[in-house]
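J.: Data file final30.cif (mmCIF, C-alpha atoms and all ligand atoms) is appended below.
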```cif
data_entry
loop_
_atom_site.group_PDB
_atom_site.id
_atom_site.type_symbol
_atom_site.label_atom_id
_atom_site.label_comp_id
_atom_site.auth_asym_id
_atom_site.auth_seq_id
_atom_site.Cartn_x
_atom_site.Cartn_y
_atom_site.Cartn_z
ATOM 1 C CA MET A 325 131.861 30.658 2.370
ATOM 2 C CA THR A 326 131.979 34.212 3.638
ATOM 3 C CA ALA A 327 131.565 34.592 7.372
ATOM 4 C CA HIS A 328 128.933 36.723 9.054
ATOM 5 C CA ILE A 329 130.519 39.571 10.964
ATOM 6 C CA LEU A 330 129.846 39.559 14.703
ATOM 7 C CA ASP A 331 129.639 43.298 15.197
ATOM 8 C CA GLY A 332 130.740 43.978 18.770
ATOM 9 C CA ALA A 333 130.428 47.731 18.418
ATOM 10 C CA SER A 334 126.740 47.543 17.576
ATOM 11 C CA LEU A 335 125.942 44.881 20.205
ATOM 12 C CA ALA A 336 127.831 46.974 22.793
ATOM 13 C CA ARG A 337 125.662 49.973 21.876
ATOM 14 C CA SER A 338 122.484 48.092 22.655
ATOM 15 C CA ILE A 339 123.953 46.790 25.927
ATOM 16 C CA ARG A 340 124.943 50.352 26.907
ATOM 17 C CA ALA A 341 121.416 51.558 26.157
ATOM 18 C CA GLU A 342 120.010 48.880 28.492
ATOM 19 C CA VAL A 343 122.580 49.840 31.153
ATOM 20 C CA GLY A 344 121.427 53.454 30.743
ATOM 21 C CA ARG A 345 117.831 52.432 31.451
ATOM 22 C CA ARG A 346 118.832 50.491 34.564
ATOM 23 C CA ALA A 347 121.050 53.365 35.761
ATOM 24 C CA ALA A 348 118.184 55.838 35.307
ATOM 25 C CA GLU A 349 115.926 53.620 37.369
ATOM 26 C CA LEU A 350 118.452 53.427 40.210
ATOM 27 C CA SER A 351 119.092 57.180 40.035
ATOM 28 C CA ALA A 352 115.339 57.839 40.216
ATOM 29 C CA HIS A 353 115.443 56.074 43.591
ATOM 30 C CA GLY A 354 118.380 58.217 44.715
ATOM 31 C CA ARG A 355 120.923 55.448 44.137
ATOM 32 C CA GLN A 356 122.967 56.538 41.144
ATOM 33 C CA PRO A 357 125.531 53.818 40.378
ATOM 34 C CA GLY A 358 129.118 54.924 40.929
ATOM 35 C CA LEU A 359 132.395 53.549 39.560
ATOM 36 C CA ALA A 360 135.801 54.555 40.934
ATOM 37 C CA VAL A 361 138.662 54.256 38.462
ATOM 38 C CA LEU A 362 142.186 54.466 39.835
ATOM 39 C CA LEU A 363 145.052 55.195 37.477
ATOM 40 C CA VAL A 364 148.562 55.082 38.874
ATOM 41 C CA GLY A 365 151.207 56.701 36.667
ATOM 42 C CA ASP A 366 150.819 57.989 33.135
ATOM 43 C CA ASP A 367 151.170 54.999 30.839
ATOM 44 C CA PRO A 368 149.723 56.288 27.536
ATOM 45 C CA ALA A 369 147.689 53.156 26.706
ATOM 46 C CA SER A 370 146.252 53.007 30.244
ATOM 47 C CA THR A 371 145.375 56.698 30.046
ATOM 48 C CA VAL A 372 143.345 56.068 26.876
ATOM 49 C CA TYR A 373 141.595 53.006 28.379
ATOM 50 C CA VAL A 374 140.664 54.935 31.496
ATOM 51 C CA ARG A 375 139.419 57.917 29.518
ATOM 52 C CA ASN A 376 137.159 55.605 27.489
ATOM 53 C CA LYS A 377 135.790 53.934 30.623
ATOM 54 C CA VAL A 378 134.956 57.311 32.151
ATOM 55 C CA LYS A 379 133.283 58.437 28.928
ATOM 56 C CA ASP A 380 131.225 55.206 28.782
ATOM 57 C CA CYS A 381 130.052 55.819 32.356
ATOM 58 C CA GLU A 382 129.036 59.393 31.622
ATOM 59 C CA GLU A 383 127.041 58.325 28.578
ATOM 60 C CA SER A 384 125.230 55.621 30.555
ATOM 61 C CA GLY A 385 124.274 57.657 33.605
ATOM 62 C CA ILE A 386 126.869 56.028 35.875
ATOM 63 C CA ARG A 387 128.799 58.433 38.087
ATOM 64 C CA SER A 388 132.528 57.957 37.587
ATOM 65 C CA LEU A 389 135.208 59.009 39.976
ATOM 66 C CA LEU A 390 138.572 59.118 38.226
ATOM 67 C CA GLU A 391 141.535 59.288 40.557
ATOM 68 C CA ARG A 392 144.952 59.783 39.055
ATOM 69 C CA MET A 393 147.877 58.986 41.302
ATOM 70 C CA PRO A 394 151.558 59.642 40.529
ATOM 71 C CA ALA A 395 153.802 56.789 39.322
ATOM 72 C CA SER A 396 155.714 57.109 42.621
ATOM 73 C CA THR A 397 152.608 56.170 44.682
ATOM 74 C CA THR A 398 153.451 53.618 47.371
ATOM 75 C CA GLU A 399 151.611 50.341 47.674
ATOM 76 C CA SER A 400 150.296 51.257 51.116
ATOM 77 C CA ALA A 401 148.933 54.597 49.856
ATOM 78 C CA LEU A 402 147.053 52.814 47.072
ATOM 79 C CA LEU A 403 145.741 50.134 49.434
ATOM 80 C CA SER A 404 144.433 52.707 51.889
ATOM 81 C CA ARG A 405 142.690 54.586 49.087
ATOM 82 C CA ILE A 406 141.005 51.329 48.021
ATOM 83 C CA ARG A 407 139.920 50.616 51.610
ATOM 84 C CA ALA A 408 138.317 54.070 51.773
ATOM 85 C CA LEU A 409 136.449 53.404 48.521
ATOM 86 C CA ASN A 410 135.364 49.980 49.829
ATOM 87 C CA ALA A 411 133.626 51.820 52.663
ATOM 88 C CA ASP A 412 132.068 54.526 50.464
ATOM 89 C CA PRO A 413 128.360 53.699 49.878
ATOM 90 C CA ALA A 414 128.208 55.941 46.779
ATOM 91 C CA ILE A 415 130.813 53.778 45.051
ATOM 92 C CA HIS A 416 129.579 50.423 43.750
ATOM 93 C CA GLY A 417 132.514 49.391 41.598
ATOM 94 C CA ILE A 418 136.267 49.863 41.950
ATOM 95 C CA LEU A 419 138.646 49.411 39.076
ATOM 96 C CA VAL A 420 142.406 49.746 39.335
ATOM 97 C CA GLN A 421 143.888 50.103 35.880
ATOM 98 C CA LEU A 422 146.661 47.592 35.204
ATOM 99 C CA PRO A 423 149.609 47.402 34.789
ATOM 100 C CA LEU A 424 150.820 49.026 38.000
ATOM 101 C CA PRO A 425 154.294 50.469 38.654
ATOM 102 C CA ALA A 426 156.903 47.916 39.782
ATOM 103 C CA GLN A 427 156.829 48.908 43.474
ATOM 104 C CA ILE A 428 153.166 47.855 43.740
ATOM 105 C CA ASP A 429 152.046 44.223 43.983
ATOM 106 C CA ALA A 430 149.033 44.001 41.646
ATOM 107 C CA ARG A 431 147.751 40.812 43.308
ATOM 108 C CA LYS A 432 147.644 42.520 46.715
ATOM 109 C CA VAL A 433 145.839 45.477 45.183
ATOM 110 C CA ILE A 434 143.186 43.311 43.534
ATOM 111 C CA GLU A 435 142.632 41.297 46.723
ATOM 112 C CA THR A 436 142.107 44.522 48.689
ATOM 113 C CA ILE A 437 139.107 45.524 46.567
ATOM 114 C CA ALA A 438 135.894 44.408 48.312
ATOM 115 C CA PRO A 439 134.590 41.381 46.352
ATOM 116 C CA ASP A 440 131.158 43.031 46.049
ATOM 117 C CA LYS A 441 132.810 45.983 44.251
ATOM 118 C CA ASP A 442 135.140 43.871 42.083
ATOM 119 C CA VAL A 443 133.605 44.890 38.754
ATOM 120 C CA ASP A 444 136.687 43.742 36.821
ATOM 121 C CA GLY A 445 136.070 40.243 38.171
ATOM 122 C CA PHE A 446 139.776 39.708 38.948
ATOM 123 C CA HIS A 447 139.475 39.108 42.716
ATOM 124 C CA VAL A 448 140.170 35.575 43.856
ATOM 125 C CA ALA A 449 136.621 35.506 45.294
ATOM 126 C CA SER A 450 135.211 36.261 41.832
ATOM 127 C CA ALA A 451 137.452 33.606 40.263
ATOM 128 C CA GLY A 452 136.353 31.115 42.927
ATOM 129 C CA ALA A 453 132.691 31.974 42.388
ATOM 130 C CA LEU A 454 133.068 31.341 38.665
ATOM 131 C CA MET A 455 134.887 28.072 39.282
ATOM 132 C CA THR A 456 132.162 26.793 41.616
ATOM 133 C CA GLY A 457 129.174 28.207 39.724
ATOM 134 C CA GLN A 458 128.261 30.785 42.358
ATOM 135 C CA ARG A 459 127.268 34.410 41.883
ATOM 136 C CA GLY A 460 130.213 36.780 41.560
ATOM 137 C CA PHE A 461 131.463 39.175 38.931
ATOM 138 C CA LEU A 462 132.588 37.772 35.604
ATOM 139 C CA PRO A 463 135.740 39.197 34.017
ATOM 140 C CA CYS A 464 134.543 41.626 31.356
ATOM 141 C CA THR A 465 136.234 40.144 28.276
ATOM 142 C CA PRO A 466 135.031 36.536 28.564
ATOM 143 C CA TYR A 467 131.633 37.805 29.739
ATOM 144 C CA GLY A 468 131.426 39.921 26.568
ATOM 145 C CA VAL A 469 132.443 36.955 24.427
ATOM 146 C CA MET A 470 129.593 34.872 25.906
ATOM 147 C CA LYS A 471 127.155 37.685 25.037
ATOM 148 C CA MET A 472 128.471 37.693 21.467
ATOM 149 C CA LEU A 473 127.997 33.926 21.155
ATOM 150 C CA GLU A 474 124.470 34.317 22.501
ATOM 151 C CA PHE A 475 123.784 37.082 19.986
ATOM 152 C CA ALA A 476 125.043 34.905 17.111
ATOM 153 C CA GLY A 477 122.721 32.117 18.293
ATOM 154 C CA THR A 478 125.676 29.739 18.595
ATOM 155 C CA PRO A 479 124.605 26.382 20.046
ATOM 156 C CA LEU A 480 126.962 25.769 22.972
ATOM 157 C CA ALA A 481 125.736 22.549 24.551
ATOM 158 C CA GLY A 482 127.887 19.743 23.228
ATOM 159 C CA ALA A 483 129.858 22.070 20.932
ATOM 160 C CA GLU A 484 133.615 21.640 20.589
ATOM 161 C CA ALA A 485 135.174 24.861 21.868
ATOM 162 C CA VAL A 486 138.871 25.678 21.726
ATOM 163 C CA VAL A 487 140.256 28.551 23.772
ATOM 164 C CA ILE A 488 143.771 29.607 22.828
ATOM 165 C CA GLY A 489 145.406 31.259 25.843
ATOM 166 C CA ARG A 490 145.211 30.475 29.563
ATOM 167 C CA SER A 491 145.576 33.832 31.294
ATOM 168 C CA ASN A 492 143.651 34.495 34.501
ATOM 169 C CA ILE A 493 141.765 37.402 32.936
ATOM 170 C CA VAL A 494 140.774 35.891 29.579
ATOM 171 C CA GLY A 495 141.666 32.300 28.698
ATOM 172 C CA LYS A 496 140.870 30.456 31.936
ATOM 173 C CA PRO A 497 137.593 32.242 32.764
ATOM 174 C CA GLN A 498 136.561 31.924 29.110
ATOM 175 C CA ALA A 499 137.076 28.176 29.241
ATOM 176 C CA LEU A 500 135.071 27.928 32.475
ATOM 177 C CA LEU A 501 132.182 29.940 31.043
ATOM 178 C CA LEU A 502 132.050 27.746 27.953
ATOM 179 C CA LEU A 503 132.177 24.662 30.162
ATOM 180 C CA GLN A 504 129.336 26.052 32.261
ATOM 181 C CA ALA A 505 127.371 26.402 29.021
ATOM 182 C CA ASP A 506 127.954 22.672 28.380
ATOM 183 C CA ALA A 507 130.547 22.984 25.617
ATOM 184 C CA THR A 508 133.370 20.465 25.414
ATOM 185 C CA VAL A 509 136.349 22.701 26.037
ATOM 186 C CA THR A 510 139.995 22.418 25.075
ATOM 187 C CA ILE A 511 142.503 24.995 26.316
ATOM 188 C CA CYS A 512 145.578 25.549 24.144
ATOM 189 C CA HIS A 513 148.682 27.505 25.131
ATOM 190 C CA SER A 514 152.292 28.080 24.165
ATOM 191 C CA ARG A 515 153.248 24.461 24.935
ATOM 192 C CA THR A 516 150.397 22.915 22.930
ATOM 193 C CA ARG A 517 152.006 20.530 20.441
ATOM 194 C CA ASN A 518 149.824 20.890 17.373
ATOM 195 C CA LEU A 519 147.508 23.876 17.658
ATOM 196 C CA ALA A 520 145.879 23.403 14.246
ATOM 197 C CA GLU A 521 144.922 19.829 15.106
ATOM 198 C CA HIS A 522 142.780 21.232 17.924
ATOM 199 C CA THR A 523 141.386 24.297 16.174
ATOM 200 C CA ARG A 524 140.324 22.310 13.089
ATOM 201 C CA ARG A 525 137.954 20.269 15.250
ATOM 202 C CA ALA A 526 136.404 23.310 16.896
ATOM 203 C CA ASP A 527 132.903 24.652 16.361
ATOM 204 C CA ILE A 528 133.972 27.691 18.392
ATOM 205 C CA VAL A 529 137.480 29.144 18.627
ATOM 206 C CA VAL A 530 138.378 31.949 21.019
ATOM 207 C CA ALA A 531 141.855 33.340 20.350
ATOM 208 C CA ALA A 532 143.389 35.215 23.291
ATOM 209 C CA VAL A 533 147.090 35.025 22.627
ATOM 210 C CA GLY A 534 148.597 38.389 21.725
ATOM 211 C CA ARG A 535 150.286 37.306 18.483
ATOM 212 C CA ALA A 536 149.255 39.121 15.344
ATOM 213 C CA ARG A 537 147.272 37.029 12.832
ATOM 214 C CA MET A 538 148.537 33.668 14.169
ATOM 215 C CA LEU A 539 145.239 31.846 13.538
ATOM 216 C CA THR A 540 144.756 31.387 9.810
ATOM 217 C CA GLY A 541 141.863 30.097 7.713
ATOM 218 C CA ASP A 542 143.521 26.722 7.060
ATOM 219 C CA MET A 543 143.449 26.063 10.830
ATOM 220 C CA LEU A 544 139.650 26.335 11.028
ATOM 221 C CA LYS A 545 136.706 24.021 10.518
ATOM 222 C CA PRO A 546 134.301 25.362 7.878
ATOM 223 C CA GLY A 547 131.460 27.276 9.539
ATOM 224 C CA ALA A 548 133.257 27.725 12.883
ATOM 225 C CA VAL A 549 132.509 30.711 15.100
ATOM 226 C CA VAL A 550 135.770 32.615 15.502
ATOM 227 C CA ILE A 551 136.184 35.106 18.321
ATOM 228 C CA ASP A 552 139.302 37.234 18.210
ATOM 229 C CA VAL A 553 140.268 38.696 21.573
ATOM 230 C CA GLY A 554 143.805 39.680 20.550
ATOM 231 C CA MET A 555 144.856 43.279 20.234
ATOM 232 C CA ASN A 556 148.187 43.605 18.511
ATOM 233 C CA ARG A 557 150.100 46.025 16.325
ATOM 234 C CA ASP A 558 151.406 44.563 13.078
ATOM 235 C CA ALA A 559 154.732 45.529 11.464
ATOM 236 C CA GLN A 560 153.038 48.595 9.933
ATOM 237 C CA GLY A 561 151.727 49.668 13.339
ATOM 238 C CA LYS A 562 148.163 48.775 12.396
ATOM 239 C CA LEU A 563 145.838 47.377 15.099
ATOM 240 C CA CYS A 564 145.060 43.717 14.407
ATOM 241 C CA GLY A 565 143.850 40.622 16.199
ATOM 242 C CA ASP A 566 145.245 37.129 16.715
ATOM 243 C CA VAL A 567 143.176 35.948 13.753
ATOM 244 C CA ASP A 568 144.199 36.441 10.146
ATOM 245 C CA PHE A 569 140.857 37.971 9.263
ATOM 246 C CA ASP A 570 141.075 37.709 5.474
ATOM 247 C CA SER A 571 141.788 33.976 5.315
ATOM 248 C CA ALA A 572 139.635 33.088 8.353
ATOM 249 C CA ALA A 573 136.561 34.933 7.055
ATOM 250 C CA LYS A 574 136.562 32.663 3.977
ATOM 251 C CA VAL A 575 136.163 29.573 6.182
ATOM 252 C CA ALA A 576 134.364 30.686 9.350
ATOM 253 C CA GLY A 577 130.600 30.958 9.812
ATOM 254 C CA TRP A 578 130.895 33.935 12.154
ATOM 255 C CA ILE A 579 133.902 36.097 12.911
ATOM 256 C CA THR A 580 134.637 39.120 15.076
ATOM 257 C CA PRO A 581 136.567 42.026 13.548
ATOM 258 C CA VAL A 582 139.442 43.860 15.237
ATOM 259 C CA PRO A 583 138.807 46.662 15.973
ATOM 260 C CA GLY A 584 135.046 46.649 16.571
ATOM 261 C CA GLY A 585 134.641 43.153 17.987
ATOM 262 C CA VAL A 586 135.548 42.023 21.491
ATOM 263 C CA GLY A 587 137.054 45.384 22.555
ATOM 264 C CA PRO A 588 133.774 47.368 22.699
ATOM 265 C CA MET A 589 132.077 44.400 24.392
ATOM 266 C CA THR A 590 134.709 44.348 27.142
ATOM 267 C CA ARG A 591 133.982 48.018 27.806
ATOM 268 C CA ALA A 592 130.219 47.435 27.801
ATOM 269 C CA MET A 593 130.443 44.529 30.264
ATOM 270 C CA LEU A 594 132.261 46.722 32.770
ATOM 271 C CA LEU A 595 129.153 48.914 32.797
ATOM 272 C CA VAL A 596 126.932 45.846 33.192
ATOM 273 C CA ASN A 597 128.994 44.667 36.179
ATOM 274 C CA THR A 598 128.837 48.145 37.719
ATOM 275 C CA ILE A 599 125.057 48.268 37.361
ATOM 276 C CA GLU A 600 124.781 44.777 38.825
ATOM 277 C CA ALA A 601 126.961 45.842 41.764
ATOM 278 C CA ALA A 602 124.743 48.877 42.363
ATOM 279 C CA GLU A 603 121.548 46.844 42.091
ATOM 280 C CA ARG A 604 122.873 44.267 44.549
ATOM 281 C CA ALA A 605 124.040 46.929 47.051
HETATM 282 P P1 LIG B 1 148.636 36.769 28.217
HETATM 283 O O1 LIG B 1 149.944 37.167 27.627
HETATM 284 O O2 LIG B 1 148.450 36.818 29.679
HETATM 285 O O3 LIG B 1 148.304 35.272 27.736
HETATM 286 C C1 LIG B 1 148.564 34.858 26.431
HETATM 287 C C2 LIG B 1 148.308 33.374 26.335
HETATM 288 O O4 LIG B 1 148.616 32.954 25.011
HETATM 289 C C3 LIG B 1 149.184 32.529 27.273
HETATM 290 O O5 LIG B 1 148.379 31.593 27.939
HETATM 291 C C4 LIG B 1 150.177 31.863 26.331
HETATM 292 O O6 LIG B 1 150.553 30.572 26.726
HETATM 293 C C5 LIG B 1 149.380 31.773 25.053
HETATM 294 N N1 LIG B 1 150.259 31.678 23.889
HETATM 295 C C6 LIG B 1 151.346 32.423 23.605
HETATM 296 N N2 LIG B 1 151.894 32.032 22.455
HETATM 297 C C7 LIG B 1 151.135 31.014 21.985
HETATM 298 C C8 LIG B 1 151.192 30.195 20.844
HETATM 299 N N3 LIG B 1 152.153 30.327 19.930
HETATM 300 N N4 LIG B 1 150.249 29.245 20.679
HETATM 301 C C9 LIG B 1 149.270 29.083 21.597
HETATM 302 N N5 LIG B 1 149.163 29.846 22.711
HETATM 303 C C10 LIG B 1 150.099 30.787 22.902
HETATM 304 O O7 LIG B 1 147.559 37.639 27.460
HETATM 305 P P2 LIG B 1 146.029 38.035 27.819
HETATM 306 O O8 LIG B 1 145.231 36.819 28.036
HETATM 307 O O9 LIG B 1 146.030 39.095 28.845
HETATM 308 O O10 LIG B 1 145.618 38.719 26.445
HETATM 309 C C11 LIG B 1 145.643 38.017 25.217
HETATM 310 C C12 LIG B 1 145.412 38.992 24.084
HETATM 311 O O11 LIG B 1 144.128 39.572 24.239
HETATM 312 C C13 LIG B 1 146.374 40.180 24.026
HETATM 313 O O12 LIG B 1 146.548 40.532 22.674
HETATM 314 C C14 LIG B 1 145.619 41.282 24.739
HETATM 315 O O13 LIG B 1 146.024 42.557 24.307
HETATM 316 C C15 LIG B 1 144.232 40.989 24.292
HETATM 317 N N6 LIG B 1 143.178 41.461 25.181
HETATM 318 C C16 LIG B 1 142.130 42.091 24.600
HETATM 319 C C17 LIG B 1 141.076 42.521 25.333
HETATM 320 C C18 LIG B 1 139.934 43.161 24.632
HETATM 321 O O14 LIG B 1 139.113 43.779 25.267
HETATM 322 N N7 LIG B 1 139.817 42.997 23.324
HETATM 323 C C19 LIG B 1 141.055 42.385 26.796
HETATM 324 C C20 LIG B 1 142.175 41.628 27.328
HETATM 325 C C21 LIG B 1 143.193 41.208 26.528
HETATM 326 P P3 LIG B 1 151.410 30.277 28.077
HETATM 327 O O15 LIG B 1 150.424 30.377 29.199
HETATM 328 O O16 LIG B 1 151.922 28.912 27.854
HETATM 329 O O17 LIG B 1 152.479 31.332 28.128
#
```
Using structure tokens, write down the structure that the file contains.
Ligand code: NDP
T.:
Amino acid sequence: MTAHILDGASLARSIRAEVGRRAAELSAHGRQPGLAVLLVGDDPASTVYVRNKVKDCEESGIRSLLERMPASTTESALLSRIRALNADPAIHGILVQLPLPAQIDARKVIETIAPDKDVDGFHVASAGALMTGQRGFLPCTPYGVMKMLEFAGTPLAGAEAVVIGRSNIVGKPQALLLLQADATVTICHSRTRNLAEHTRRADIVVAAVGRARMLTGDMLKPGAVVIDVGMNRDAQGKLCGDVDFDSAAKVAGWITPVPGGVGPMTRAMLLVNTIEAAERA
């Protein structure tokens, strides 16, 4: 069997177009959505991520406010900047690019963002809302994965889903979203005894580990939907996922590529959250 490719880049394009329509509507009523992006320091990867987010906003009619702060910025200076943005009615979403320099407590920073502007969905109020099935903001990566599953027409109710990884930003919220959609969910992690035993039972596997090509075709059930969140560099410096694409694509029913899979969807869902924040405001 050769898997269908779940093309995140193309799905993200259609989501961005829809965001553009909603942004135009808000702007026509004098309420252009606005996203503040705070970058502390000059980490090269973070600089690229932030540049892409700003570009996405511009293309979708969302006003972006990029604030670059020096690596020596104190925690209290960053917190007071966030408080000012919390009070700014032209700003609907606030994103602080992680990681932050060592002198700044990232948890404190995230908790200072007003929950109704928490478009990254990392605030404890957003996590609590997800846990209890209330309205909040969903973290962009698992939110994007759910959109991809919807696009592929994957039946979720009663499906066996395995999430590999239990981070607060991907694995745990992903598992909760799948559970909310009535899947039977197993969460695997570094202490899981026999990973393949779990993944071979799964109709849906979401790999969010950060280990290049660790999930191979022989670990999959034929026809499974395989979502690769991982972004790694292999020994040759090439970008690759957690899934060994070549062997997995021979077994899976659907598979996401890296690049061009979950990454563009994560970016698109940030725009969706920003529009939702502006519409709710
Ligand atoms: P974390 O490092 O926070 O979490 C990794 C998880 O993988 C942990 O729960 C860890 O288990 C688990 N793990 C590690 N080794 C194994 C193993 N051998 N078998 C099973 N589980 C294992 O990473 P993130 O969740 O932040 O990110 C995961 C990957 O996704 C990274 O490659 C990251 O770059 C990528 N990513 C991609 C995004 C995108 O838009 N495409 C967005 C966000 C992340 P334990 O808890 O026991 O340590």
J.: Mind giving me the straight-line distance from atom CA of Ser400 of chain A to atom CA of Cys381 of chain A in Å, one decimal?
T.: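 It comes out at 28.0 Å.
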J.: Taking into account all atoms listed in the file, which residue in the set A:Asp506, A:Asp444, A:Asp380, A:Glu600 is nearest to ligand LIG 1 (chain B)?
T.: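 With all atoms listed in the file as the atom set, the closest residue is A:Asp444.
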J.: Between chain A and ligand LIG 1 (chain B), at 6 Å or less, what are the per-residue closest atom pairs and their distances in Å? Count only C-alpha atoms and all ligand atoms, order by chain and rising residue number, and return it as a tab-separated table.
T.:
```
residue	atom	partner	partner_atom	distance
A:Thr465	CA	B:LIG1	C19	5.5
A:Ile488	CA	B:LIG1	N5	5.4
A:Gly489	CA	B:LIG1	C2	3.6
A:Arg490	CA	B:LIG1	O5	3.7
A:Ser491	CA	B:LIG1	O8	4.4
A:Val494	CA	B:LIG1	O8	4.8
A:Gly495	CA	B:LIG1	O8	5.8
A:Cys512	CA	B:LIG1	C9	5.7
A:His513	CA	B:LIG1	N5	3.4
A:Ser514	CA	B:LIG1	C10	3.7
A:Arg515	CA	B:LIG1	O16	5.5
A:Ala532	CA	B:LIG1	C11	4.1
A:Val533	CA	B:LIG1	O4	3.5
A:Gly534	CA	B:LIG1	O12	3.1
A:Val553	CA	B:LIG1	N7	4.7
A:Gly554	CA	B:LIG1	O12	3.6
A:Met555	CA	B:LIG1	O12	4.0
A:Asn556	CA	B:LIG1	O12	5.4
A:Val586	CA	B:LIG1	N7	4.7
A:Gly587	CA	B:LIG1	N7	3.7
A:Thr590	CA	B:LIG1	O14	4.8
```
J.: Would you save the residues of that selection, restricted to C-alpha atoms, as a PDB file, in the coordinates of the input?
T.:
```pdb
ATOM      1  CA  THR A 465     136.234  40.144  28.276  1.00  0.00           C
ATOM      2  CA  ILE A 488     143.771  29.607  22.828  1.00  0.00           C
ATOM      3  CA  GLY A 489     145.406  31.259  25.843  1.00  0.00           C
ATOM      4  CA  ARG A 490     145.211  30.475  29.563  1.00  0.00           C
ATOM      5  CA  SER A 491     145.576  33.832  31.294  1.00  0.00           C
ATOM      6  CA  VAL A 494     140.774  35.891  29.579  1.00  0.00           C
ATOM      7  CA  GLY A 495     141.666  32.300  28.698  1.00  0.00           C
ATOM      8  CA  CYS A 512     145.578  25.549  24.144  1.00  0.00           C
ATOM      9  CA  HIS A 513     148.682  27.505  25.131  1.00  0.00           C
ATOM     10  CA  SER A 514     152.292  28.080  24.165  1.00  0.00           C
ATOM     11  CA  ARG A 515     153.248  24.461  24.935  1.00  0.00           C
ATOM     12  CA  ALA A 532     143.389  35.215  23.291  1.00  0.00           C
ATOM     13  CA  VAL A 533     147.090  35.025  22.627  1.00  0.00           C
ATOM     14  CA  GLY A 534     148.597  38.389  21.725  1.00  0.00           C
ATOM     15  CA  VAL A 553     140.268  38.696  21.573  1.00  0.00           C
ATOM     16  CA  GLY A 554     143.805  39.680  20.550  1.00  0.00           C
ATOM     17  CA  MET A 555     144.856  43.279  20.234  1.00  0.00           C
ATOM     18  CA  ASN A 556     148.187  43.605  18.511  1.00  0.00           C
ATOM     19  CA  VAL A 586     135.548  42.023  21.491  1.00  0.00           C
ATOM     20  CA  GLY A 587     137.054  45.384  22.555  1.00  0.00           C
ATOM     21  CA  THR A 590     134.709  44.348  27.142  1.00  0.00           C
TER      22      THR A 590
END
```
J.: Spell out the residues picked by the PyMOL selection byres (((chain A and resi 497) around 9) and not hetatm) here, as a list in words.
T.: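 Written out, the selection comes to Ala451, Leu454, Met455, Leu462, Pro463, Pro466, Tyr467, Arg490, Ser491, Asn492, Ile493, Val494, Gly495, Lys496, Gln498, Ala499, Leu500, Leu501 and Leu502 of chain A.
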J.: If you measure from atom CA of Leu539 of chain A to atom CA of Val575 of chain A, what distance in Å do you get, rounded to one decimal?
T.: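 Atom CA of Val575 of chain A lies 11.9 Å from atom CA of Leu539 of chain A.
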J.: Taking the file as shown, find all residues satisfying the PyMOL selection byres (((chain A and resi 416-431) around 9) and not hetatm) and write them as an mmCIF file with C-alpha atoms, keeping the file's coordinate frame.
T.:
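Writing done, so here's result.cif:
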```
data_model
loop_
_atom_site.group_PDB
_atom_site.id
_atom_site.type_symbol
_atom_site.label_atom_id
_atom_site.label_comp_id
_atom_site.auth_asym_id
_atom_site.auth_seq_id
_atom_site.Cartn_x
_atom_site.Cartn_y
_atom_site.Cartn_z
ATOM 1 C CA PRO A 357 125.531 53.818 40.378
ATOM 2 C CA GLY A 358 129.118 54.924 40.929
ATOM 3 C CA LEU A 359 132.395 53.549 39.560
ATOM 4 C CA ALA A 360 135.801 54.555 40.934
ATOM 5 C CA VAL A 361 138.662 54.256 38.462
ATOM 6 C CA LEU A 362 142.186 54.466 39.835
ATOM 7 C CA LEU A 363 145.052 55.195 37.477
ATOM 8 C CA VAL A 364 148.562 55.082 38.874
ATOM 9 C CA GLY A 365 151.207 56.701 36.667
ATOM 10 C CA ASP A 367 151.170 54.999 30.839
ATOM 11 C CA SER A 370 146.252 53.007 30.244
ATOM 12 C CA THR A 371 145.375 56.698 30.046
ATOM 13 C CA TYR A 373 141.595 53.006 28.379
ATOM 14 C CA VAL A 374 140.664 54.935 31.496
ATOM 15 C CA ALA A 395 153.802 56.789 39.322
ATOM 16 C CA SER A 396 155.714 57.109 42.621
ATOM 17 C CA THR A 397 152.608 56.170 44.682
ATOM 18 C CA THR A 398 153.451 53.618 47.371
ATOM 19 C CA GLU A 399 151.611 50.341 47.674
ATOM 20 C CA SER A 400 150.296 51.257 51.116
ATOM 21 C CA LEU A 402 147.053 52.814 47.072
ATOM 22 C CA ILE A 406 141.005 51.329 48.021
ATOM 23 C CA LEU A 409 136.449 53.404 48.521
ATOM 24 C CA ASN A 410 135.364 49.980 49.829
ATOM 25 C CA ASP A 412 132.068 54.526 50.464
ATOM 26 C CA PRO A 413 128.360 53.699 49.878
ATOM 27 C CA ALA A 414 128.208 55.941 46.779
ATOM 28 C CA ILE A 415 130.813 53.778 45.051
ATOM 29 C CA LYS A 432 147.644 42.520 46.715
ATOM 30 C CA VAL A 433 145.839 45.477 45.183
ATOM 31 C CA ILE A 434 143.186 43.311 43.534
ATOM 32 C CA GLU A 435 142.632 41.297 46.723
ATOM 33 C CA THR A 436 142.107 44.522 48.689
ATOM 34 C CA ILE A 437 139.107 45.524 46.567
ATOM 35 C CA ALA A 438 135.894 44.408 48.312
ATOM 36 C CA ASP A 440 131.158 43.031 46.049
ATOM 37 C CA LYS A 441 132.810 45.983 44.251
ATOM 38 C CA ASP A 442 135.140 43.871 42.083
ATOM 39 C CA VAL A 443 133.605 44.890 38.754
ATOM 40 C CA ASP A 444 136.687 43.742 36.821
ATOM 41 C CA HIS A 447 139.475 39.108 42.716
ATOM 42 C CA ASN A 597 128.994 44.667 36.179
ATOM 43 C CA THR A 598 128.837 48.145 37.719
ATOM 44 C CA ILE A 599 125.057 48.268 37.361
ATOM 45 C CA GLU A 600 124.781 44.777 38.825
ATOM 46 C CA ALA A 601 126.961 45.842 41.764
ATOM 47 C CA ALA A 602 124.743 48.877 42.363
ATOM 48 C CA GLU A 603 121.548 46.844 42.091
ATOM 49 C CA ALA A 605 124.040 46.929 47.051
#
```
